[in-house]
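All remarks here apply to the structure that follows.
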2 protein chains.
Amino acid sequence: MSLLVTGSIGIDNVTSPYGRAEGVLGGSAVYFSYVASFFVPVRLVGVVGDDFPDDFRRVLAKREIDLAGLEVRKGSKTFRWTGKFEGAMNEAETVEVDLNVLAERGPKIPPAFADSEFVFLANTHPTLQRELLSQIRSPRLVVCDTMNLWITTERESLIETLGVVGGVILNDAEARMLTGRMNLIEAGEEILRFGPRFVIIKKGENGAVLVTGDHAVGVPAYPAKTVHDPTGAGDSFAGGVMGHLSRERKTDFATLRQALVRGTVAASFTIEDFSLRRLERLTRNEIEWRVEEYVEMLRFD
Amino acid sequence: MSLLVTGSIGIDNVTSPYGRAEGVLGGSAVYFSYVASFFVPVRLVGVVGDDFPDDFRRVLAKREIDLAGLEVRKGSKTFRWTGKFEGAMNEAETVEVDLNVLAERGPKIPPAFADSEFVFLANTHPTLQRELLSQIRSPRLVVCDTMNLWITTERESLIETLGVVGGVILNDAEARMLTGRMNLIEAGEEILRFGPRFVIIKKGENGAVLVTGDHAVGVPAYPAKTVHDPTGAGDSFAGGVMGHLSRERKTDFATLRQALVRGTVAASFTIEDFSLRRLERLTRNEIEWRVEEYVEMLRFD
């Protein structure tokens, strides 16, 4: 049940109607691995600069997150992102982004991680996604994310990546941009034609849609009143989904449905506070209770 | 289990990426009553001009819709609306609107309808909503809709209407505009302070949220691939909700939850074709089958 994630590790500045957090821990691989570690041990692969604070490493080390794949590159600087949420907070406005070490060569998968069974390739250049994946021997399930930039500028490469993964998790705007289909079920089916067996389309406060060859399942978001910082919600969602699949060691439709619930619930915690603050206080029991509450909310028989 | 609806009856021109329908039957009270008639007999109250086609009356007369409250006003013209849906079709763009008879005095509730137990006041001037309601003796549940225009121009009157209804069904943009709250659960709770016991916030393709004093429930839309004309989806949703409540003769939380499912499913049929075309072919069994399918989709235990 080894779960590996590759993705960004960063230092964020975030402003929302509820306040501001400066110089806080962020990045797709961070949110993903932190959440997934509530389900299974996680192997994190990513690269930071030598300015990466020890405190941040300690936050990750508190969980069962194997940091053997966390490369600290001398003379380089950690990825930094400054973003702002306004109004309904459905989308982050990027105020500033310094790729720093992410603009250099990618990280390597440590040999000890080459036997990973479940792999999540968080958003990065699709060619790098395949390069990283090629270092893993025979994964059981590979799932990737992507972003508007690669859909526009690296479409061919992205489609090649979609051809080698078992699943895709992306947001509604990306699914529409990638396929030109406005109906999300149709967009999902279009994406399946590139290769994956399932597509999960994230819709923020509006939940998510799972599309497989035979089925389409929509789920609402957990009805959250406390939404202070949506940063990392999508990666937390993916962490819950992949965490559950890895723990169950299954990727069939029934397990995917259950994974969708875990992803939804995981994201609902992340957004309650800035950065990883809520996740740092989170317990396995709280996740289970909220899963039960959510499942009960959706029981109509 | 008498269910009465007051609202618009109109002649629509609709364009969507899937085609165009000209001079077709539309209006909030029409969609509402057509859907609700699959659950209980419906009493329709509204006014049209003497240009209202007999064919349209026959469409309504095919169902158990009592047209005693359908006033045909001599020398007046029927309400006309021309709208367009583009892209994700989440919002209609109004191209042209001729209020015609709707700009004159409102309809009257026929004395025979004064004993109605369940009442839906579809969107119209909030003062007219109260005037109509005052002609009904002791309704068991009154639910109203509204629109951005009244929120902006008739706020005081609208708040007065909210003080005399048991429930509100409105869309997300309206809920946010009315309360200034971006979080929909908070917006719902804010609206409860004006008087109603429950608020249902419609989110189109993103489902709906039910907020009561004690609970918040989110549901996804039925995952529909065939979406040709969203006109009337919201009123169909309301028709399914009120139809179910009227049939069950209950307004408790458990019944409201079940009503939410019926509303969601009803709307999913309406949008499959232009105007009332899909509803005209619809059967009670099809509704039941889709309800079962939808409930099954949301079973995660």
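Here's how to read the names in the structure tokens: chain A, B, ... by the order shown, residue numbers from 1 in each chain, ligand numbers from 1 in the order shown.
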
Exercise for the section: Pick out each residue of segment 98-218 of chain A that DSSP on the backbone tags as helix (DSSP H, G or I); I need them as an MDAnalysis selection string. Expected result: chainID A and resid 100:103 111:113 126:133 148:153 155:162 172:179 184:192 204:206

Problem - Contacts of Ile109 of chain A at 8 Å (only C-alpha atoms; same-chain gap of 6+ positions) as JSON, numbers by chain - result: {"A": [45, 69, 132, 135, 136]}

For the residues in the current selection, export C-alpha atoms as a PDB file, in the first residue's frame.
ATOM      1  CA  VAL A  45       9.150  13.488  -3.779  1.00  0.00           C
ATOM      2  CA  GLY A  69      12.603  12.022  -1.675  1.00  0.00           C
ATOM      3  CA  LEU A 132       9.233  10.870 -12.871  1.00  0.00           C
ATOM      4  CA  GLN A 135      11.492   5.810 -12.528  1.00  0.00           C
ATOM      5  CA  ILE A 136       8.777   3.753 -10.859  1.00  0.00           C
TER       6      ILE A 136
END

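Excluding Glu272 of chain B and any residue on its chain fewer than 4 positions from it, the residues at most 12 Å away by only C-alpha atoms are Ser16, Tyr18, Tyr222, Pro223, Ala224, Lys225, Thr226, Val227, His228, Asp229, Pro230, Thr231, Gly232, Ala233, Val265, Ala266, Ala267, Ser268, Leu276, Arg277, Arg278, Leu279, Glu280, Arg281 and Leu282 of chain B.
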
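For the set A:Asn148, A:Thr255, A:Ser246, A:Thr124, the residue with the smallest atom-to-atom gap to chain B is A:Thr255, counting only C-alpha atoms.
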
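Interface residues of chain B facing chain A, defined by any atom at most 8 Å away and using only C-alpha atoms, are Gly87, Ala88, Met182, Asn183, Leu184, Ile185, Glu186, Asn206, Gly207, Ala216, Val217, Gly218, Val219, Pro220, Ala221, Tyr222, Pro223, Ala224, Lys225, Val227, Arg257, Gln258, Val261, Val295, Met297, Leu298, Arg299, Phe300 and Asp301 of chain B.
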
Fit chain A to chain B, using all C-alpha atoms paired in sequence order for the least-squares superposition, and then show me the result as a compact mmCIF listing (two decimals) with C-alpha atoms, in the first residue's frame.
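File result-v6.txt, as written:
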# COMPACT_ATOMS: atom_id res chain seq x y z
CA MET A 1 -53.22 17.94 -0.41
CA SER A 2 -54.31 20.91 -2.49
CA LEU A 3 -51.32 22.65 -4.08
CA LEU A 4 -51.70 26.11 -5.57
CA VAL A 5 -49.16 28.03 -7.62
CA THR A 6 -49.19 31.65 -8.69
CA GLY A 7 -46.71 32.87 -11.26
CA SER A 8 -46.02 33.72 -14.86
CA ILE A 9 -47.43 32.02 -17.93
CA GLY A 10 -45.60 33.08 -21.02
CA ILE A 11 -44.56 32.61 -24.59
CA ASP A 12 -40.82 32.05 -24.93
CA ASN A 13 -38.15 32.20 -27.59
CA VAL A 14 -35.09 30.29 -26.49
CA THR A 15 -31.71 29.77 -28.12
CA SER A 16 -29.12 27.35 -26.79
CA PRO A 17 -26.09 25.65 -28.37
CA TYR A 18 -28.54 22.85 -29.22
CA GLY A 19 -30.99 24.85 -31.28
CA ARG A 20 -33.78 27.35 -31.07
CA ALA A 21 -37.43 27.18 -30.02
CA GLU A 22 -39.76 30.00 -31.04
CA GLY A 23 -43.11 30.92 -29.61
CA VAL A 24 -43.14 28.05 -27.14
CA LEU A 25 -45.00 27.67 -23.86
CA GLY A 26 -43.10 28.90 -20.81
CA GLY A 27 -43.40 30.76 -17.53
CA SER A 28 -42.66 29.87 -13.91
CA ALA A 29 -46.20 28.73 -13.03
CA VAL A 30 -46.31 26.55 -16.13
CA TYR A 31 -43.13 24.60 -15.43
CA PHE A 32 -44.01 24.39 -11.75
CA SER A 33 -47.54 23.13 -12.21
CA TYR A 34 -46.65 20.71 -14.98
CA VAL A 35 -44.03 19.02 -12.81
CA ALA A 36 -46.05 19.18 -9.58
CA SER A 37 -49.00 17.53 -11.35
CA PHE A 38 -47.00 14.29 -11.41
CA PHE A 39 -47.31 14.32 -7.62
CA VAL A 40 -50.70 15.91 -6.80
CA PRO A 41 -53.48 17.81 -8.57
CA VAL A 42 -52.42 21.44 -9.00
CA ARG A 43 -54.32 24.72 -8.98
CA LEU A 44 -52.78 27.27 -11.31
CA VAL A 45 -53.32 31.01 -10.86
CA GLY A 46 -52.05 33.39 -13.48
CA VAL A 47 -53.05 35.76 -16.20
CA VAL A 48 -52.53 35.70 -19.96
CA GLY A 49 -53.69 37.85 -22.86
CA ASP A 50 -56.30 36.92 -25.41
CA ASP A 51 -53.43 35.95 -27.73
CA PHE A 52 -52.71 32.90 -25.56
CA PRO A 53 -52.87 29.92 -27.94
CA ASP A 54 -55.50 27.25 -27.33
CA ASP A 55 -52.81 24.66 -27.94
CA PHE A 56 -50.96 25.84 -24.85
CA ARG A 57 -54.07 25.57 -22.74
CA ARG A 58 -54.50 22.04 -24.02
CA VAL A 59 -50.93 21.15 -22.99
CA LEU A 60 -51.80 22.13 -19.42
CA ALA A 61 -55.25 20.55 -19.54
CA LYS A 62 -53.70 17.18 -20.35
CA ARG A 63 -52.47 17.04 -16.75
CA GLU A 64 -54.39 17.36 -13.50
CA ILE A 65 -53.99 21.12 -13.49
CA ASP A 66 -57.08 23.08 -12.48
CA LEU A 67 -57.22 26.09 -14.81
CA ALA A 68 -60.06 27.89 -12.98
CA GLY A 69 -57.47 30.46 -11.87
CA LEU A 70 -56.12 31.06 -15.38
CA GLU A 71 -57.49 34.45 -16.33
CA VAL A 72 -57.57 35.31 -20.03
CA ARG A 73 -57.66 39.10 -20.12
CA LYS A 74 -59.37 40.60 -23.14
CA GLY A 75 -57.36 43.22 -24.98
CA SER A 76 -54.14 42.27 -23.19
CA LYS A 77 -51.13 40.41 -24.44
CA THR A 78 -49.41 37.42 -22.91
CA PHE A 79 -46.02 37.81 -21.23
CA ARG A 80 -43.16 37.14 -23.65
CA TRP A 81 -39.56 36.27 -22.95
CA THR A 82 -36.64 35.78 -25.32
CA GLY A 83 -33.55 34.24 -23.82
CA LYS A 84 -30.25 32.70 -24.79
CA PHE A 85 -28.02 30.09 -23.17
CA GLU A 86 -24.33 29.83 -24.04
CA GLY A 87 -21.23 27.97 -22.92
CA ALA A 88 -21.87 26.05 -19.73
CA MET A 89 -25.50 27.32 -19.91
CA ASN A 90 -25.52 28.17 -16.22
CA GLU A 91 -27.39 31.39 -16.71
CA ALA A 92 -29.95 32.60 -19.20
CA GLU A 93 -29.20 35.85 -20.94
CA THR A 94 -32.45 37.76 -21.36
CA VAL A 95 -32.47 39.13 -24.90
CA GLU A 96 -35.91 40.67 -24.75
CA VAL A 97 -38.78 40.75 -22.32
CA ASP A 98 -42.31 42.08 -22.85
CA LEU A 99 -44.15 42.03 -19.54
CA ASN A 100 -47.44 42.82 -21.29
CA VAL A 101 -50.28 41.57 -19.07
CA LEU A 102 -47.86 41.03 -16.17
CA ALA A 103 -47.40 44.80 -15.99
CA GLU A 104 -51.15 45.22 -15.34
CA ARG A 105 -53.07 44.33 -12.18
CA GLY A 106 -52.41 40.85 -10.82
CA PRO A 107 -54.73 37.86 -11.05
CA LYS A 108 -57.26 36.92 -8.36
CA ILE A 109 -57.38 33.68 -6.40
CA PRO A 110 -60.71 32.01 -7.28
CA PRO A 111 -62.83 31.53 -4.11
CA ALA A 112 -62.77 27.79 -4.71
CA PHE A 113 -58.98 27.88 -4.29
CA ALA A 114 -59.03 29.78 -0.98
CA ASP A 115 -58.74 26.54 0.99
CA SER A 116 -55.42 25.59 -0.62
CA GLU A 117 -53.06 23.97 1.86
CA PHE A 118 -49.78 24.19 -0.01
CA VAL A 119 -48.93 27.39 -1.86
CA PHE A 120 -46.02 28.32 -4.10
CA LEU A 121 -45.61 31.98 -4.90
CA ALA A 122 -43.36 31.97 -7.95
CA ASN A 123 -41.29 35.03 -8.64
CA THR A 124 -43.26 38.26 -8.99
CA HIS A 125 -43.41 41.63 -7.20
CA PRO A 126 -43.23 40.80 -3.47
CA THR A 127 -46.23 43.03 -2.71
CA LEU A 128 -48.30 41.09 -5.22
CA GLN A 129 -47.07 37.88 -3.63
CA ARG A 130 -48.53 38.99 -0.27
CA GLU A 131 -51.71 40.25 -1.91
CA LEU A 132 -52.28 36.87 -3.51
CA LEU A 133 -51.44 35.06 -0.32
CA SER A 134 -53.96 37.15 1.65
CA GLN A 135 -56.70 35.56 -0.43
CA ILE A 136 -55.88 32.09 0.86
CA ARG A 137 -57.44 31.25 4.22
CA SER A 138 -55.00 29.19 6.26
CA PRO A 139 -52.35 27.54 4.17
CA ARG A 140 -50.26 24.89 5.78
CA LEU A 141 -47.07 25.78 3.93
CA VAL A 142 -46.27 28.79 1.78
CA VAL A 143 -43.04 28.91 -0.19
CA CYS A 144 -41.87 31.77 -2.39
CA ASP A 145 -39.24 32.46 -5.00
CA THR A 146 -37.89 35.88 -5.93
CA MET A 147 -35.37 37.52 -8.28
CA ASN A 148 -32.48 39.98 -8.36
CA LEU A 149 -34.74 42.85 -9.49
CA TRP A 150 -36.87 42.77 -6.31
CA ILE A 151 -33.84 42.24 -4.10
CA THR A 152 -32.44 45.48 -5.47
CA THR A 153 -35.56 47.60 -5.93
CA GLU A 154 -38.12 46.21 -3.45
CA ARG A 155 -35.99 44.97 -0.61
CA GLU A 156 -38.32 46.15 2.19
CA SER A 157 -41.36 44.58 0.59
CA LEU A 158 -39.46 41.39 -0.13
CA ILE A 159 -38.37 41.10 3.49
CA GLU A 160 -42.01 41.54 4.49
CA THR A 161 -42.94 38.66 2.20
CA LEU A 162 -40.15 36.53 3.66
CA GLY A 163 -41.73 37.20 7.05
CA VAL A 164 -44.99 35.48 6.07
CA VAL A 165 -43.73 32.38 4.25
CA GLY A 166 -42.59 29.04 5.62
CA GLY A 167 -39.93 28.46 3.01
CA VAL A 168 -37.93 30.13 0.26
CA ILE A 169 -36.51 28.64 -2.92
CA LEU A 170 -34.06 30.91 -4.72
CA ASN A 171 -30.80 30.66 -6.60
CA ASP A 172 -27.25 31.12 -5.33
CA ALA A 173 -26.70 34.56 -6.85
CA GLU A 174 -29.98 35.78 -5.34
CA ALA A 175 -29.15 34.37 -1.91
CA ARG A 176 -25.78 36.10 -1.99
CA MET A 177 -27.27 39.37 -3.22
CA LEU A 178 -30.01 39.31 -0.60
CA THR A 179 -27.69 38.69 2.33
CA GLY A 180 -24.27 39.93 1.29
CA ARG A 181 -22.95 36.56 2.48
CA MET A 182 -20.79 34.66 0.02
CA ASN A 183 -20.88 31.36 1.92
CA LEU A 184 -24.19 29.78 0.93
CA ILE A 185 -24.83 28.11 4.28
CA GLU A 186 -24.36 31.47 5.99
CA ALA A 187 -26.54 33.13 3.36
CA GLY A 188 -29.25 30.54 4.01
CA GLU A 189 -29.07 31.11 7.77
CA GLU A 190 -29.27 34.86 7.24
CA ILE A 191 -32.46 34.39 5.20
CA LEU A 192 -33.96 32.22 7.95
CA ARG A 193 -33.73 35.27 10.21
CA PHE A 194 -36.29 37.02 8.01
CA GLY A 195 -38.82 34.38 9.00
CA PRO A 196 -38.93 31.19 6.93
CA ARG A 197 -38.23 27.80 8.48
CA PHE A 198 -36.24 26.59 5.51
CA VAL A 199 -34.34 27.93 2.54
CA ILE A 200 -33.42 25.98 -0.55
CA ILE A 201 -30.65 27.52 -2.63
CA LYS A 202 -30.59 26.31 -6.24
CA LYS A 203 -27.22 26.09 -8.00
CA GLY A 204 -28.16 24.87 -11.48
CA GLU A 205 -25.76 22.19 -12.71
CA ASN A 206 -24.16 22.28 -9.24
CA GLY A 207 -27.19 21.03 -7.34
CA ALA A 208 -28.86 22.64 -4.37
CA VAL A 209 -28.46 23.35 -0.67
CA LEU A 210 -31.20 23.06 1.95
CA VAL A 211 -30.72 25.14 5.09
CA THR A 212 -32.95 24.83 8.14
CA GLY A 213 -32.38 26.06 11.67
CA ASP A 214 -30.55 22.86 12.58
CA HIS A 215 -29.20 21.44 9.37
CA ALA A 216 -27.53 22.11 6.06
CA VAL A 217 -27.82 19.53 3.28
CA GLY A 218 -26.07 19.74 -0.07
CA VAL A 219 -27.11 17.65 -3.05
CA PRO A 220 -25.52 17.41 -6.49
CA ALA A 221 -27.49 17.79 -9.70
CA TYR A 222 -28.44 14.58 -11.44
CA PRO A 223 -25.40 13.95 -13.69
CA ALA A 224 -27.12 14.85 -16.94
CA LYS A 225 -25.42 14.57 -20.29
CA THR A 226 -28.40 15.79 -22.25
CA VAL A 227 -28.87 19.45 -21.42
CA HIS A 228 -30.52 21.24 -24.30
CA ASP A 229 -32.52 24.01 -22.63
CA PRO A 230 -32.24 24.94 -18.95
CA THR A 231 -35.31 27.21 -19.14
CA GLY A 232 -37.70 26.32 -16.36
CA ALA A 233 -35.23 24.12 -14.48
CA GLY A 234 -35.59 26.15 -11.29
CA ASP A 235 -39.39 26.20 -11.43
CA SER A 236 -39.45 22.49 -12.23
CA PHE A 237 -37.22 21.94 -9.22
CA ALA A 238 -39.68 23.89 -7.06
CA GLY A 239 -42.55 21.90 -8.59
CA GLY A 240 -40.92 18.64 -7.60
CA VAL A 241 -40.18 19.91 -4.10
CA MET A 242 -43.69 21.25 -3.46
CA GLY A 243 -45.34 18.35 -5.26
CA HIS A 244 -43.65 15.91 -2.93
CA LEU A 245 -44.39 17.92 0.23
CA SER A 246 -48.05 18.24 -0.80
CA ARG A 247 -48.38 14.56 -1.56
CA GLU A 248 -46.81 13.62 1.75
CA ARG A 249 -48.74 16.36 3.58
CA LYS A 250 -45.65 16.92 5.72
CA THR A 251 -43.02 19.62 6.00
CA ASP A 252 -40.61 18.08 8.50
CA PHE A 253 -36.90 17.83 7.81
CA ALA A 254 -36.96 14.22 6.60
CA THR A 255 -39.71 15.03 4.10
CA LEU A 256 -37.91 18.18 2.97
CA ARG A 257 -34.84 16.08 2.22
CA GLN A 258 -36.91 13.70 0.14
CA ALA A 259 -38.51 16.67 -1.60
CA LEU A 260 -35.05 17.96 -2.51
CA VAL A 261 -34.42 14.72 -4.39
CA ARG A 262 -37.71 15.00 -6.30
CA GLY A 263 -36.96 18.59 -7.25
CA THR A 264 -33.50 17.66 -8.48
CA VAL A 265 -34.81 14.79 -10.57
CA ALA A 266 -37.70 16.83 -11.99
CA ALA A 267 -35.32 19.56 -13.18
CA SER A 268 -33.08 16.95 -14.80
CA PHE A 269 -35.92 15.99 -17.13
CA THR A 270 -36.99 19.53 -18.00
CA ILE A 271 -33.55 20.50 -19.31
CA GLU A 272 -33.34 17.56 -21.70
CA ASP A 273 -35.41 19.32 -24.35
CA PHE A 274 -36.78 22.74 -25.21
CA SER A 275 -39.84 24.18 -23.47
CA LEU A 276 -42.08 21.47 -21.97
CA ARG A 277 -41.30 18.91 -24.65
CA ARG A 278 -39.59 16.43 -22.34
CA LEU A 279 -42.17 16.93 -19.60
CA GLU A 280 -44.97 16.21 -22.06
CA ARG A 281 -43.44 12.79 -22.75
CA LEU A 282 -42.59 12.16 -19.08
CA THR A 283 -44.21 9.43 -17.02
CA ARG A 284 -44.59 8.99 -13.30
CA ASN A 285 -42.53 5.81 -13.59
CA GLU A 286 -39.65 7.57 -15.23
CA ILE A 287 -39.53 9.98 -12.31
CA GLU A 288 -39.55 7.11 -9.83
CA TRP A 289 -36.82 5.23 -11.68
CA ARG A 290 -34.59 8.26 -11.84
CA VAL A 291 -35.23 9.00 -8.16
CA GLU A 292 -34.09 5.46 -7.35
CA GLU A 293 -31.03 5.81 -9.56
CA TYR A 294 -30.14 9.15 -7.98
CA VAL A 295 -30.65 7.89 -4.43
CA GLU A 296 -28.50 4.88 -5.26
CA MET A 297 -25.78 7.15 -6.69
CA LEU A 298 -25.67 8.95 -3.35
CA ARG A 299 -25.55 5.83 -1.18
CA PHE A 300 -22.07 5.52 0.21
CA ASP A 301 -22.62 3.22 3.18

Backbone DSSP call of strand (DSSP E or B) for segment 54-293 of chain B, listed as a compact mmCIF listing (two decimals) with N, CA and C atoms, in the first residue's frame:
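Result file is out24.txt:
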# COMPACT_ATOMS: atom_id res chain seq x y z
N ILE B 65 -54.25 19.74 -13.85
CA ILE B 65 -54.00 21.13 -13.49
C ILE B 65 -55.31 21.88 -13.62
N ASP B 66 -55.80 22.37 -12.50
CA ASP B 66 -57.08 23.08 -12.49
C ASP B 66 -56.84 24.50 -13.01
N LEU B 67 -57.48 24.83 -14.14
CA LEU B 67 -57.22 26.11 -14.79
C LEU B 67 -58.27 27.18 -14.44
N ALA B 68 -59.03 26.93 -13.37
CA ALA B 68 -60.06 27.90 -12.96
C ALA B 68 -59.42 29.25 -12.60
N GLY B 69 -58.17 29.23 -12.24
CA GLY B 69 -57.48 30.47 -11.88
C GLY B 69 -56.66 31.06 -13.02
N LEU B 70 -56.83 30.53 -14.20
CA LEU B 70 -56.13 31.06 -15.37
C LEU B 70 -57.01 32.12 -16.03
N GLU B 71 -56.69 33.37 -15.79
CA GLU B 71 -57.49 34.46 -16.33
C GLU B 71 -57.01 34.84 -17.72
N VAL B 72 -57.91 34.84 -18.69
CA VAL B 72 -57.58 35.33 -20.04
C VAL B 72 -58.12 36.75 -20.14
N ARG B 73 -57.22 37.72 -20.17
CA ARG B 73 -57.66 39.11 -20.12
C ARG B 73 -57.83 39.67 -21.53
N PHE B 79 -47.43 37.61 -21.55
CA PHE B 79 -46.01 37.82 -21.22
C PHE B 79 -45.12 37.09 -22.23
N ARG B 80 -44.09 37.77 -22.70
CA ARG B 80 -43.17 37.14 -23.65
C ARG B 80 -41.74 37.32 -23.20
N TRP B 81 -40.97 36.25 -23.35
CA TRP B 81 -39.56 36.27 -22.94
C TRP B 81 -38.70 35.63 -24.04
N THR B 82 -37.61 36.33 -24.37
CA THR B 82 -36.65 35.78 -25.32
C THR B 82 -35.31 35.66 -24.61
N GLY B 83 -34.78 34.45 -24.58
CA GLY B 83 -33.54 34.22 -23.84
C GLY B 83 -32.57 33.35 -24.60
N LYS B 84 -31.33 33.38 -24.11
CA LYS B 84 -30.25 32.69 -24.80
C LYS B 84 -29.36 32.01 -23.77
N GLU B 93 -29.34 34.43 -20.64
CA GLU B 93 -29.21 35.85 -20.94
C GLU B 93 -30.55 36.29 -21.52
N THR B 94 -31.18 37.26 -20.86
CA THR B 94 -32.46 37.75 -21.36
C THR B 94 -32.19 38.69 -22.53
N VAL B 95 -32.70 38.33 -23.69
CA VAL B 95 -32.49 39.12 -24.89
C VAL B 95 -33.59 40.17 -25.02
N GLU B 96 -34.80 39.76 -24.65
CA GLU B 96 -35.93 40.67 -24.75
C GLU B 96 -37.00 40.19 -23.79
N VAL B 97 -37.69 41.14 -23.19
CA VAL B 97 -38.79 40.75 -22.32
C VAL B 97 -39.93 41.75 -22.50
N ASP B 98 -41.12 41.25 -22.76
CA ASP B 98 -42.32 42.08 -22.85
C ASP B 98 -43.26 41.64 -21.74
N PHE B 118 -51.17 23.95 0.37
CA PHE B 118 -49.78 24.20 0.00
C PHE B 118 -49.76 25.25 -1.11
N VAL B 119 -48.92 26.26 -0.94
CA VAL B 119 -48.92 27.40 -1.86
C VAL B 119 -47.50 27.72 -2.30
N PHE B 120 -47.31 27.85 -3.59
CA PHE B 120 -46.02 28.32 -4.09
C PHE B 120 -46.22 29.65 -4.81
N LEU B 121 -45.57 30.67 -4.29
CA LEU B 121 -45.61 32.00 -4.90
C LEU B 121 -44.37 32.13 -5.77
N LEU B 141 -48.44 25.40 4.28
CA LEU B 141 -47.06 25.78 3.93
C LEU B 141 -47.08 26.70 2.73
N VAL B 142 -46.44 27.85 2.89
CA VAL B 142 -46.29 28.79 1.78
C VAL B 142 -44.80 28.92 1.48
N VAL B 143 -44.44 28.77 0.22
CA VAL B 143 -43.05 28.90 -0.19
C VAL B 143 -42.99 29.93 -1.33
N CYS B 144 -41.98 30.78 -1.31
CA CYS B 144 -41.86 31.76 -2.38
C CYS B 144 -40.50 31.70 -3.06
N GLY B 167 -41.15 28.86 3.68
CA GLY B 167 -39.93 28.45 2.99
C GLY B 167 -39.63 29.36 1.81
N VAL B 168 -38.37 29.35 1.41
CA VAL B 168 -37.94 30.13 0.26
C VAL B 168 -37.13 29.21 -0.65
N ILE B 169 -37.36 29.33 -1.95
CA ILE B 169 -36.52 28.64 -2.93
C ILE B 169 -35.97 29.71 -3.86
N LEU B 170 -34.66 29.89 -3.85
CA LEU B 170 -34.06 30.91 -4.71
C LEU B 170 -32.69 30.44 -5.18
N ASN B 171 -32.08 31.15 -6.11
CA ASN B 171 -30.79 30.65 -6.59
C ASN B 171 -29.61 31.26 -5.83
N PHE B 198 -37.29 27.20 6.34
CA PHE B 198 -36.26 26.58 5.50
C PHE B 198 -35.99 27.41 4.26
N VAL B 199 -34.76 27.26 3.77
CA VAL B 199 -34.34 27.93 2.55
C VAL B 199 -33.71 26.87 1.66
N ILE B 200 -34.10 26.86 0.39
CA ILE B 200 -33.41 25.99 -0.56
C ILE B 200 -32.73 26.88 -1.59
N ILE B 201 -31.42 26.73 -1.69
CA ILE B 201 -30.64 27.53 -2.64
C ILE B 201 -30.30 26.65 -3.84
N LYS B 202 -30.79 27.07 -5.00
CA LYS B 202 -30.57 26.31 -6.25
C LYS B 202 -29.27 26.75 -6.88
N ALA B 208 -28.08 21.76 -5.24
CA ALA B 208 -28.85 22.64 -4.37
C ALA B 208 -28.42 22.44 -2.92
N VAL B 209 -28.75 23.41 -2.10
CA VAL B 209 -28.46 23.34 -0.67
C VAL B 209 -29.74 23.66 0.08
N LEU B 210 -30.05 22.82 1.06
CA LEU B 210 -31.20 23.06 1.94
C LEU B 210 -30.67 23.51 3.29
N VAL B 211 -31.16 24.63 3.77
CA VAL B 211 -30.73 25.13 5.08
C VAL B 211 -31.96 25.29 5.97
N THR B 212 -31.92 24.64 7.13
CA THR B 212 -32.97 24.82 8.14
C THR B 212 -32.27 25.33 9.40
N ALA B 216 -27.84 21.70 7.43
CA ALA B 216 -27.56 22.11 6.06
C ALA B 216 -27.30 20.83 5.26
N VAL B 217 -27.97 20.71 4.13
CA VAL B 217 -27.83 19.53 3.28
C VAL B 217 -27.49 19.99 1.87
N GLY B 218 -26.42 19.45 1.32
CA GLY B 218 -26.09 19.73 -0.07
C GLY B 218 -26.40 18.52 -0.92
N VAL B 219 -26.92 18.74 -2.10
CA VAL B 219 -27.11 17.65 -3.06
C VAL B 219 -26.55 18.07 -4.41
